[in-house]
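**Student:** upload.tsv is reproduced in full below (TSV, C-alpha atoms).
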```
chain	number	residue	atom	x	y	z
I	272	MET	CA	150.85	256.95	124.86
I	273	LYS	CA	149.82	253.54	126.18
I	274	HIS	CA	153.18	252.08	125.13
I	275	THR	CA	155.03	254.84	126.98
I	276	ILE	CA	153.07	254.16	130.15
I	277	ILE	CA	153.84	250.43	129.95
I	278	MET	CA	157.56	251.08	129.45
I	279	THR	CA	157.58	253.52	132.34
I	280	ILE	CA	155.93	250.95	134.60
I	281	PHE	CA	158.39	248.29	133.39
I	282	PHE	CA	161.43	250.41	134.22
I	283	PHE	CA	159.89	251.38	137.56
I	284	VAL	CA	159.45	247.71	138.43
I	285	ILE	CA	163.05	246.94	137.39
I	286	ILE	CA	164.40	249.79	139.50
I	287	LYS	CA	162.23	248.73	142.46
I	288	VAL	CA	163.39	245.10	142.24
I	289	GLN	CA	167.01	246.24	142.01
I	290	SER	CA	166.56	248.45	145.05
I	291	GLN	CA	165.33	245.42	146.98
I	292	THR	CA	168.49	243.39	146.35
I	293	THR	CA	172.15	243.64	147.30
I	294	PRO	CA	174.96	242.45	145.01
I	295	VAL	CA	176.84	239.29	146.03
I	296	PRO	CA	179.76	239.17	143.55
I	297	ASP	CA	181.42	236.03	144.92
I	298	PRO	CA	179.44	233.01	143.63
I	299	VAL	CA	181.00	230.83	146.32
I	300	PHE	CA	179.54	233.08	149.00
I	301	GLU	CA	176.16	233.16	147.28
I	302	ASN	CA	176.11	229.37	146.87
I	303	LYS	CA	176.80	229.10	150.60
I	304	LEU	CA	173.87	231.39	151.35
I	305	ILE	CA	171.68	229.26	149.05
I	306	SER	CA	172.77	226.05	150.79
I	307	LEU	CA	171.91	227.61	154.13
I	308	GLY	CA	168.40	228.37	152.86
I	309	ILE	CA	168.91	232.12	153.11
I	310	ASP	CA	169.18	233.23	149.45
I	311	SER	CA	165.85	232.33	147.83
I	312	ASN	CA	166.31	233.81	144.34
I	313	GLY	CA	169.07	231.44	143.22
I	314	LEU	CA	172.51	232.17	141.80
I	315	THR	CA	171.77	235.61	140.41
I	316	GLY	CA	174.70	237.62	141.75
I	317	ASN	CA	172.52	239.25	144.37
I	318	ILE	CA	170.43	238.52	147.42
I	319	LEU	CA	166.96	239.79	148.23
I	320	ASN	CA	167.23	242.22	151.11
I	321	ALA	CA	164.15	240.58	152.58
I	322	ASP	CA	166.06	237.27	152.73
I	323	ALA	CA	168.97	238.84	154.62
I	324	GLU	CA	166.90	240.88	157.03
I	325	GLY	CA	166.12	239.05	160.25
I	326	VAL	CA	169.18	236.77	160.05
I	327	ILE	CA	170.86	237.00	163.45
I	328	ASN	CA	173.50	234.26	163.21
I	329	LEU	CA	175.50	233.60	160.01
I	330	ASN	CA	178.06	230.80	159.84
I	331	VAL	CA	180.01	230.48	156.57
I	332	THR	CA	183.19	228.99	158.02
I	333	ASN	CA	185.65	226.97	155.91
I	334	SER	CA	183.92	227.61	152.58
I	335	SER	CA	186.71	228.99	150.32
I	336	ILE	CA	184.99	232.38	150.14
I	337	GLU	CA	187.16	235.18	148.72
I	338	ASP	CA	184.73	238.11	148.97
I	339	LEU	CA	182.04	238.70	151.60
I	340	SER	CA	180.51	241.67	149.79
I	341	GLY	CA	176.76	241.53	150.29
I	342	ILE	CA	177.16	241.09	154.03
I	343	GLU	CA	175.88	244.68	154.38
I	344	ALA	CA	172.36	243.40	153.57
I	345	PHE	CA	172.35	241.49	156.88
I	346	VAL	CA	171.30	244.49	158.92
I	347	ASP	CA	170.09	242.43	161.91
I	348	LEU	CA	173.19	240.24	162.16
I	349	GLU	CA	174.57	239.77	165.69
I	350	MET	CA	176.93	236.82	165.21
I	351	LEU	CA	179.22	236.26	162.22
I	352	ASP	CA	181.52	233.27	161.83
I	353	CYS	CA	183.55	233.46	158.61
I	354	ASP	CA	186.80	231.88	159.76
I	355	THR	CA	189.01	229.69	157.57
I	356	ASN	CA	188.24	231.28	154.21
I	357	LEU	CA	190.25	233.26	151.63
I	358	LEU	CA	189.13	236.76	152.54
I	359	THR	CA	191.61	239.60	152.02
I	360	ASN	CA	189.32	242.51	153.00
I	361	LEU	CA	186.32	242.60	155.31
I	362	ASP	CA	184.10	245.63	155.85
I	363	LEU	CA	181.50	245.11	158.59
I	364	SER	CA	180.81	248.78	159.26
I	365	SER	CA	177.20	248.49	158.01
I	366	ASN	CA	176.35	245.61	160.34
I	367	THR	CA	175.70	247.83	163.31
I	368	LYS	CA	174.12	245.12	165.50
I	369	LEU	CA	177.11	242.76	165.44
I	370	LYS	CA	178.22	241.50	168.85
I	371	PHE	CA	180.42	238.50	168.01
I	372	VAL	CA	182.80	238.24	165.02
I	373	ASP	CA	185.11	235.34	164.19
I	374	CYS	CA	187.16	236.00	161.06
I	375	GLN	CA	190.34	234.17	162.01
I	376	LYS	CA	192.43	232.11	159.59
I	377	ASN	CA	191.87	234.19	156.48
I	378	LEU	CA	194.21	236.38	154.43
I	379	LEU	CA	192.87	239.65	155.79
I	380	GLN	CA	194.90	242.77	155.10
I	381	SER	CA	192.14	245.13	156.21
I	382	LEU	CA	189.27	244.82	158.68
I	383	ASN	CA	186.68	247.55	159.24
I	384	VAL	CA	184.67	247.29	162.47
I	385	SER	CA	184.30	251.05	162.94
I	386	GLY	CA	180.49	250.90	162.85
I	387	ASN	CA	180.13	248.00	165.26
I	388	GLU	CA	179.53	249.83	168.52
I	389	ASP	CA	177.88	246.74	170.09
I	390	LEU	CA	180.83	244.46	169.34
I	391	GLN	CA	181.82	242.37	172.37
I	392	SER	CA	184.08	239.65	170.95
I	393	LEU	CA	186.51	239.83	168.03
I	394	ALA	CA	188.63	236.90	166.87
I	395	CYS	CA	190.80	238.03	163.96
I	396	GLN	CA	193.95	235.98	164.60
I	397	GLU	CA	196.05	234.31	161.91
I	398	ASN	CA	195.64	236.95	159.24
I	399	GLN	CA	197.89	239.58	157.66
I	400	LEU	CA	196.60	242.67	159.44
I	401	ILE	CA	198.97	245.61	159.74
I	402	ASN	CA	196.44	247.95	161.40
I	403	LEU	CA	193.45	247.36	163.65
I	404	ASN	CA	191.20	250.28	164.59
I	405	LEU	CA	189.10	249.50	167.68
I	406	SER	CA	188.44	253.07	168.79
I	407	ASN	CA	184.64	252.81	168.35
I	408	ASN	CA	184.25	249.37	169.95
I	409	LEU	CA	183.68	250.58	173.49
I	410	LEU	CA	181.96	247.35	174.62
I	411	LEU	CA	184.73	245.04	173.40
I	412	SER	CA	185.49	242.43	176.05
I	413	ASP	CA	187.35	239.65	174.25
I	414	LEU	CA	190.10	240.40	171.71
I	415	SER	CA	192.17	237.78	169.91
I	416	CYS	CA	194.47	239.28	167.28
I	417	GLN	CA	197.55	237.08	167.55
I	418	ASP	CA	199.59	235.94	164.54
I	419	ASN	CA	199.22	239.10	162.47
I	420	LEU	CA	201.60	241.87	161.40
I	421	LEU	CA	200.54	244.51	163.92
I	422	THR	CA	203.14	247.01	165.12
I	423	ASN	CA	200.86	249.19	167.26
I	424	LEU	CA	197.70	248.42	169.21
I	425	ASP	CA	195.63	251.31	170.56
I	426	LEU	CA	193.18	250.07	173.21
I	427	SER	CA	192.76	253.40	174.96
I	428	ASN	CA	188.96	253.40	174.47
I	429	ASN	CA	188.37	249.72	175.27
I	430	ILE	CA	187.74	249.85	179.01
I	431	GLU	CA	185.60	246.68	179.03
I	432	LEU	CA	188.39	244.33	177.95
I	433	PHE	CA	188.55	241.06	179.87
I	434	GLN	CA	190.99	239.28	177.59
I	435	ILE	CA	193.75	240.52	175.26
I	436	ILE	CA	195.51	237.86	173.20
I	437	CYS	CA	198.01	239.58	170.89
I	438	HIS	CA	201.10	237.36	170.83
I	439	ASP	CA	203.18	236.71	167.71
I	440	ASN	CA	202.89	240.12	166.08
I	441	SER	CA	205.53	242.84	165.66
I	442	LEU	CA	204.13	245.07	168.38
I	443	THR	CA	206.37	247.83	169.70
I	444	ASN	CA	203.60	249.64	171.57
I	445	ILE	CA	200.26	248.93	173.26
I	446	THR	CA	198.20	251.84	174.55
I	447	PHE	CA	195.97	250.78	177.43
I	448	PRO	CA	192.90	252.61	178.74
I	449	THR	CA	193.33	254.75	181.84
I	450	THR	CA	191.48	252.12	183.87
I	451	GLN	CA	191.50	248.40	183.17
I	452	SER	CA	189.09	247.25	185.85
I	453	LYS	CA	188.06	244.02	184.07
I	454	LEU	CA	191.29	242.85	182.44
I	455	GLN	CA	192.30	239.35	183.59
I	456	ILE	CA	194.08	237.66	180.69
I	457	PHE	CA	196.91	239.32	178.76
I	458	TRP	CA	199.18	237.35	176.43
I	459	CYS	CA	201.67	239.44	174.43
I	460	TYR	CA	204.64	237.10	174.04
I	461	ASN	CA	206.79	237.06	170.88
I	462	ASN	CA	206.61	240.79	170.14
I	463	GLN	CA	209.00	243.75	170.43
I	464	LEU	CA	207.45	245.55	173.39
I	465	GLU	CA	209.75	247.60	175.61
I	466	SER	CA	207.44	248.88	178.35
I	467	ILE	CA	204.27	247.60	180.02
I	468	ASP	CA	202.40	249.20	182.93
I	469	LEU	CA	199.48	247.22	184.39
I	470	THR	CA	199.13	249.06	187.69
I	471	THR	CA	195.53	250.10	186.91
I	472	ALA	CA	194.37	246.51	186.26
I	473	PRO	CA	193.31	245.18	189.69
I	474	VAL	CA	192.01	241.71	188.72
I	475	LEU	CA	194.87	240.34	186.61
I	476	ALA	CA	195.05	236.54	186.52
I	477	THR	CA	197.11	235.23	183.58
I	478	LEU	CA	200.07	237.14	182.10
I	479	ARG	CA	202.57	236.14	179.43
I	480	PHE	CA	205.36	238.51	178.33
I	481	GLU	CA	208.02	236.09	177.02
I	482	ASN	CA	210.39	237.02	174.21
I	483	ASN	CA	209.97	240.78	174.02
I	484	ASN	CA	212.42	243.67	174.43
I	485	LEU	CA	211.09	244.68	177.84
I	486	ASN	CA	213.12	247.03	180.00
I	487	PHE	CA	210.17	248.04	182.19
I	488	LEU	CA	207.37	245.89	183.63
I	489	ASP	CA	205.14	247.20	186.41
I	490	LEU	CA	202.66	244.75	187.95
I	491	ARG	CA	201.94	246.67	191.17
I	492	ASN	CA	198.16	246.49	190.98
I	493	GLY	CA	197.55	245.87	194.69
I	494	ASN	CA	196.33	242.34	194.00
I	495	ASN	CA	199.33	240.28	192.85
I	496	THR	CA	198.11	237.28	194.82
I	497	ALA	CA	195.32	236.84	192.23
I	498	ILE	CA	197.86	236.39	189.43
I	499	HIS	CA	198.17	232.62	189.03
I	500	THR	CA	200.44	232.75	185.95
I	501	MET	CA	203.19	235.25	185.15
I	502	ASP	CA	205.94	234.59	182.62
I	503	ALA	CA	208.50	237.26	181.71
I	504	ARG	CA	211.34	235.05	180.48
I	505	ASP	CA	213.50	235.86	177.45
I	506	ASN	CA	213.65	239.61	178.07
I	507	ALA	CA	217.38	240.24	178.23
I	508	ASN	CA	217.07	243.95	179.09
I	509	LEU	CA	214.58	243.52	181.94
I	510	ALA	CA	216.48	244.16	185.17
I	511	LEU	CA	213.51	244.89	187.45
I	512	ILE	CA	209.94	243.63	187.62
I	513	CYS	CA	207.82	245.88	189.82
I	514	VAL	CA	205.56	243.90	192.18
I	515	ASP	CA	203.45	244.33	195.30
I	516	ASP	CA	205.54	242.02	197.45
I	517	VAL	CA	209.00	240.71	196.59
I	518	THR	CA	208.75	237.63	198.79
I	519	TYR	CA	205.39	236.57	197.40
I	520	SER	CA	206.43	237.02	193.77
I	521	SER	CA	209.70	235.18	194.35
I	522	THR	CA	207.93	232.15	195.77
I	523	ALA	CA	204.66	232.18	193.84
I	524	PHE	CA	203.97	229.03	191.91
I	525	ASN	CA	204.01	229.49	188.11
I	526	TRP	CA	205.72	232.88	188.21
I	527	ASN	CA	208.74	232.83	185.88
I	528	LYS	CA	211.43	235.34	184.92
I	529	ASP	CA	215.02	235.40	183.75
I	530	ASP	CA	217.60	234.81	186.49
I	531	GLU	CA	219.09	238.25	185.80
I	532	ALA	CA	215.79	240.04	186.53
I	533	GLU	CA	214.91	241.06	190.07
I	534	TYR	CA	211.55	241.69	191.70
I	535	SER	CA	211.23	245.13	193.31
I	536	GLU	CA	208.54	246.85	195.37
I	537	THR	CA	209.94	250.34	194.76
I	538	CYS	CA	210.83	249.74	191.10
I	539	THR	CA	214.03	251.73	191.53
I	540	LEU	CA	217.58	250.51	191.91
I	541	SER	CA	220.00	253.08	193.25
I	542	ILE	CA	223.78	252.60	193.34
I	543	THR	CA	223.54	251.68	197.02
I	544	ASP	CA	220.79	249.17	196.34
I	545	LEU	CA	222.83	247.72	193.49
I	546	GLU	CA	225.76	247.18	195.84
I	547	LYS	CA	223.46	245.53	198.38
I	548	SER	CA	222.06	243.23	195.74
I	549	ARG	CA	225.53	241.83	195.17
I	550	ALA	CA	225.28	239.54	198.17
I	551	HIS	CA	227.72	236.67	197.76
I	552	ILE	CA	225.99	233.34	198.44
I	553	TYR	CA	228.06	230.17	198.27
I	554	PRO	CA	228.31	227.37	197.46
I	555	ASN	CA	225.38	227.18	195.03
I	556	PRO	CA	224.41	224.39	194.50
I	557	VAL	CA	224.80	223.59	198.18
I	558	ASN	CA	225.24	220.21	199.83
I	559	ASP	CA	225.55	220.98	203.54
I	560	PHE	CA	226.32	224.54	204.71
I	561	LEU	CA	225.40	227.75	202.88
I	562	THR	CA	227.20	231.04	203.58
I	563	LEU	CA	225.94	234.59	202.96
I	564	ASP	CA	228.47	237.38	202.54
I	565	MET	CA	226.46	240.62	202.65
I	566	LEU	CA	229.48	242.77	201.72
I	567	GLY	CA	229.38	244.76	204.95
I	568	GLU	CA	225.58	245.20	205.13
I	569	PRO	CA	224.20	243.84	208.46
I	570	LEU	CA	221.77	240.96	208.04
I	571	ARG	CA	218.34	241.03	209.68
I	572	GLU	CA	216.87	237.69	208.61
I	573	VAL	CA	216.69	235.09	205.88
I	574	LYS	CA	213.45	233.30	205.03
I	575	ILE	CA	213.81	229.96	203.27
I	576	TYR	CA	210.98	228.85	200.95
I	577	ASN	CA	210.60	225.66	198.96
I	578	HIS	CA	209.66	225.67	195.25
I	579	LEU	CA	205.95	225.76	196.13
I	580	GLY	CA	206.38	228.95	198.12
I	581	ARG	CA	206.01	227.32	201.53
I	582	LEU	CA	208.08	228.84	204.31
I	583	LYS	CA	210.54	226.27	205.67
I	584	ALA	CA	212.62	228.33	208.09
I	585	VAL	CA	213.66	231.78	209.27
I	586	LYS	CA	217.37	232.33	209.94
I	587	THR	CA	219.31	235.25	211.36
I	588	SER	CA	222.79	233.83	210.82
I	589	SER	CA	224.89	234.19	207.68
I	590	SER	CA	225.73	230.46	207.89
I	591	MET	CA	222.87	228.01	207.31
I	592	ASP	CA	222.75	224.26	207.66
I	593	PHE	CA	221.11	222.57	204.65
I	594	THR	CA	222.10	219.00	205.49
I	595	THR	CA	218.54	218.00	206.45
I	596	TYR	CA	216.84	219.59	203.43
I	597	ILE	CA	215.68	217.38	200.61
I	598	PRO	CA	217.26	218.02	197.19
I	599	GLY	CA	215.54	220.65	195.06
I	600	VAL	CA	215.13	224.37	194.43
I	601	TYR	CA	214.80	226.82	197.32
I	602	ILE	CA	214.24	230.57	197.47
I	603	LEU	CA	216.01	232.82	199.96
I	604	GLY	CA	214.20	235.99	200.99
I	605	ILE	CA	216.99	238.09	202.48
I	606	GLU	CA	216.35	241.31	204.41
I	607	THR	CA	219.09	243.61	205.69
I	608	GLN	CA	219.02	245.85	208.74
I	609	SER	CA	218.39	248.85	206.51
I	610	GLY	CA	215.29	247.19	205.03
I	611	ALA	CA	216.74	246.22	201.65
I	612	LYS	CA	215.25	243.01	200.28
I	613	ILE	CA	217.19	240.57	198.15
I	614	VAL	CA	215.87	237.36	196.62
I	615	ARG	CA	218.06	234.51	195.48
I	616	LYS	CA	217.40	231.02	194.15
I	617	ILE	CA	219.60	228.14	195.33
I	618	ILE	CA	219.76	224.45	194.56
I	619	LYS	CA	220.17	221.78	197.24
I	620	LEU	CA	222.03	218.71	196.01
```
Starting from the file, give its structure as structure tokens.

**Tutor:**
Amino acid sequence: MKHTIIMTIFFFVIIKVQSQTTPVPDPVFENKLISLGIDSNGLTGNILNADAEGVINLNVTNSSIEDLSGIEAFVDLEMLDCDTNLLTNLDLSSNTKLKFVDCQKNLLQSLNVSGNEDLQSLACQENQLINLNLSNNLLLSDLSCQDNLLTNLDLSNNIELFQIICHDNSLTNITFPTTQSKLQIFWCYNNQLESIDLTTAPVLATLRFENNNLNFLDLRNGNNTAIHTMDARDNANLALICVDDVTYSSTAFNWNKDDEAEYSETCTLSITDLEKSRAHIYPNPVNDFLTLDMLGEPLREVKIYNHLGRLKAVKTSSSMDFTTYIPGVYILGIETQSGAKIVRKIIKL
């Protein structure tokens, strides 16, 4: 009877000790935790839950870790930096207090942040992610997911986003939230996007759309003057870029597009408008006199801007003297009597 009681107590103690630990199968990860003074029971293949509890910031960057299993024991963790390792899968759904995660430069094929409702910043670039579910991360403000294999990015629930960096994926679609009141930085170059509408993002500042398949780009957010960088080059099918003000966009410093693309305030181009846009301007480059042939459409005025967007002159004649202008690039803001606006770039020799 006494022996039975002792054995029962022994097994109870074993079970209790086991219930107070969490397995850490990767010895490299456990050795890192030991070196950080977190794992106190040595290289045993597990960590005492008491050791993990209370840890708010965990940095295991550049440590050749292949498996981060055991991270679920860190129930109070708010900041995790595990970049530049050999991770292929990362499940952080049990770390419900996480606010900042940096897992870039791994080999990640799956990333689970579904339980991280307090997450504010996620850096998961330079991995092999095909899918990224952010539907539960309503407080997410900073997203960097560039250099992955993403084809679709659903951000419809992420209304707090300030920055979206998603270039160099295979994206064909991005779903934005209904309102994007805080979005300022959006870099999506080197993808396969066809359509982007940012009309509900009133504080845009830096935009990069180069090398996509865009045929529609609407930037009419009522605050285009706050956009200090806009680049939509290398989009062969993009005929129109919708903007608040054609003249401003045409002369704004650090706004770039393909020569074939036109800025438009109405974002429509009827047959009549298309005919009007075929204004014949010659010679270009110009040395002395420039001539505008409006193809029968009466001219109202021509505003001449330098490359910095500064107004140099306003003309009402179809023949303009450029002999006194210094060599360089100039923008003509042409308006017809019917109100059509045409923008052309010329070079003064």

**Student:** Would you kindly return, as a PyMOL selection string, each protein, DNA or RNA residue with an atom no farther than 12 Å from any atom of Val557 in chain I, considering all atoms listed in the file and excluding same-chain residues fewer than 5 positions away?

**Tutor:** chain I and resi 552+562+590-601+616-620

**Student:** Quick one: everything within 8 Å of Thr449 in chain I, counting only C-alpha atoms, minus sequence neighbours fewer than 3 positions away in the same chain. Send it as a count of residues only.

**Tutor:** 3

**Student:** Have a look at CA of Cys416 in chain I and CA of Glu397 in chain I and let me know their distance in Å, one decimal.

**Tutor:**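 Separation between CA of Cys416 in chain I and CA of Glu397 in chain I: 7.5 Å.
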
**Student:** From the list I:Asn506, I:Asn407, I:Ser415, I:Thr355, which residue is nearest Ser392 in chain I when using all atoms listed in the file?

**Tutor:**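 Smallest separation from Ser392 in chain I among the options: I:Ser415.
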
**Student:** Out of I:Thr367, I:Thr500, I:Thr537, I:Asn377, which residue has the shortest atom-to-atom distance to Leu339 in chain I when counting only C-alpha atoms?

**Tutor:**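 For Leu339 in chain I, the nearest of the given residues is I:Asn377.
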
**Student:** Considering all atoms listed in the file, return as a PyMOL selection string whatever protein or nucleic-acid residues lie within 9 Å of Asn428 in chain I, sequence-local ones (same chain, fewer than 2 positions apart) excluded.

**Tutor:** chain I and resi 405-409+425-426+430-431+447-449

**Student:** Show which residues sit within 9 Å of Leu307 in chain I, as a list in words. Count only C-alpha atoms, and ignore same-chain residues fewer than 3 positions away.

**Tutor:**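 Here the qualifying residues turn out to be Asn302, Lys303, Leu304, Asp310, Asn330 and Val331 of chain I.
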
**Student:** May I ask for the distance between CA of Leu469 in chain I and CA of Asn492 in chain I, given in Å to one decimal place?

**Tutor:**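 Value for the CA of Leu469 in chain I-CA of Asn492 in chain I distance: 6.8 Å.
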
**Student:** Got a sec: who's within 10 Å of Ser609 in chain I, counting only C-alpha atoms, leaving out chain neighbours fewer than 6 positions off, as an NGL selection string?

**Tutor:** :I and (568-571)

**Student:** Kindly provide, as a ChimeraX atom specification, the polymer residues lying within 12 Å of (211.9, 244.0, 174.7), counting all atoms listed in the file and using the coordinates exactly as they appear in the file.

**Tutor:** /I:441-444,459-467,480-488,503-510

**Student:** Work out how far CA of Leu378 in chain I is from CA of Val299 in chain I, in Å to one decimal.

**Tutor:**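 Calculated distance between CA of Val299 in chain I and CA of Leu378 in chain I is 16.5 Å.
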
**Student:** Check the smallest atom-to-atom distance from each of I:Asn555, I:Thr587, I:Thr293, I:Gln417 to Glu572 in chain I using only C-alpha atoms, then report the winner.

**Tutor:** I:Thr587

**Student:** From the options I:Asn333, I:Asn440, I:Thr518, I:Asn495, which residue's atoms come nearest to Asn419 in chain I, counting only C-alpha atoms?

**Tutor:** I:Asn440

**Student:** Choose the residue, out of I:Asp362, I:His499, I:Lys586, I:Ala550, that has the smallest atom-to-atom separation from Trp526 in chain I; count all atoms listed in the file.

**Tutor:** I:His499

**Student:** Missing atoms in range 364-384 of chain I should be modelled up to N, CA and C atoms and reported as an mmCIF file, in the coordinates of the input.

**Tutor:**
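Listing of out-v4.cif after writing:
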```cif
data_model
loop_
_atom_site.group_PDB
_atom_site.id
_atom_site.type_symbol
_atom_site.label_atom_id
_atom_site.label_comp_id
_atom_site.auth_asym_id
_atom_site.auth_seq_id
_atom_site.Cartn_x
_atom_site.Cartn_y
_atom_site.Cartn_z
ATOM 1 N N SER I 364 181.253 247.518 158.665
ATOM 2 C CA SER I 364 180.810 248.780 159.260
ATOM 3 C C SER I 364 179.306 248.998 159.137
ATOM 4 N N SER I 365 178.645 248.333 158.179
ATOM 5 C CA SER I 365 177.200 248.490 158.010
ATOM 6 C C SER I 365 176.395 247.563 158.900
ATOM 7 N N ASN I 366 177.049 246.587 159.492
ATOM 8 C CA ASN I 366 176.350 245.610 160.340
ATOM 9 C C ASN I 366 176.392 246.087 161.786
ATOM 10 N N THR I 367 175.585 247.085 162.050
ATOM 11 C CA THR I 367 175.700 247.830 163.310
ATOM 12 C C THR I 367 175.240 247.063 164.541
ATOM 13 N N LYS I 368 174.591 245.887 164.360
ATOM 14 C CA LYS I 368 174.120 245.120 165.500
ATOM 15 C C LYS I 368 175.061 243.979 165.886
ATOM 16 N N LEU I 369 176.166 243.851 165.179
ATOM 17 C CA LEU I 369 177.110 242.760 165.440
ATOM 18 C C LEU I 369 177.651 242.804 166.867
ATOM 19 N N LYS I 370 177.658 241.631 167.511
ATOM 20 C CA LYS I 370 178.220 241.500 168.850
ATOM 21 C C LYS I 370 179.406 240.540 168.879
ATOM 22 N N PHE I 371 179.378 239.528 168.009
ATOM 23 C CA PHE I 371 180.420 238.500 168.010
ATOM 24 C C PHE I 371 180.901 238.270 166.573
ATOM 25 N N VAL I 372 182.217 238.425 166.354
ATOM 26 C CA VAL I 372 182.800 238.240 165.020
ATOM 27 C C VAL I 372 183.995 237.299 165.127
ATOM 28 N N ASP I 373 183.980 236.256 164.300
ATOM 29 C CA ASP I 373 185.110 235.340 164.190
ATOM 30 C C ASP I 373 185.545 235.303 162.733
ATOM 31 N N CYS I 374 186.648 235.970 162.427
ATOM 32 C CA CYS I 374 187.160 236.000 161.060
ATOM 33 C C CYS I 374 188.606 235.522 161.011
ATOM 34 N N GLN I 375 188.976 234.684 161.945
ATOM 35 C CA GLN I 375 190.340 234.170 162.010
ATOM 36 C C GLN I 375 190.654 233.255 160.826
ATOM 37 N N LYS I 376 191.949 233.044 160.609
ATOM 38 C CA LYS I 376 192.430 232.110 159.590
ATOM 39 C C LYS I 376 191.924 232.463 158.195
ATOM 40 N N ASN I 377 192.105 233.728 157.840
ATOM 41 C CA ASN I 377 191.870 234.190 156.480
ATOM 42 C C ASN I 377 193.168 234.781 155.948
ATOM 43 N N LEU I 378 193.059 235.667 154.975
ATOM 44 C CA LEU I 378 194.210 236.380 154.430
ATOM 45 C C LEU I 378 194.001 237.881 154.585
ATOM 46 N N LEU I 379 193.302 238.265 155.621
ATOM 47 C CA LEU I 379 192.870 239.650 155.790
ATOM 48 C C LEU I 379 194.037 240.628 155.884
ATOM 49 N N GLN I 380 193.973 241.653 155.035
ATOM 50 C CA GLN I 380 194.900 242.770 155.100
ATOM 51 C C GLN I 380 194.213 244.019 155.654
ATOM 52 N N SER I 381 192.891 244.023 155.627
ATOM 53 C CA SER I 381 192.140 245.130 156.210
ATOM 54 C C SER I 381 190.849 244.602 156.825
ATOM 55 N N LEU I 382 190.490 245.200 157.953
ATOM 56 C CA LEU I 382 189.270 244.820 158.680
ATOM 57 C C LEU I 382 188.638 246.090 159.222
ATOM 58 N N ASN I 383 187.380 246.342 158.818
ATOM 59 C CA ASN I 383 186.680 247.550 159.240
ATOM 60 C C ASN I 383 185.550 247.179 160.186
ATOM 61 N N VAL I 384 185.720 247.506 161.474
ATOM 62 C CA VAL I 384 184.670 247.290 162.470
ATOM 63 C C VAL I 384 184.293 248.617 163.114
#
```
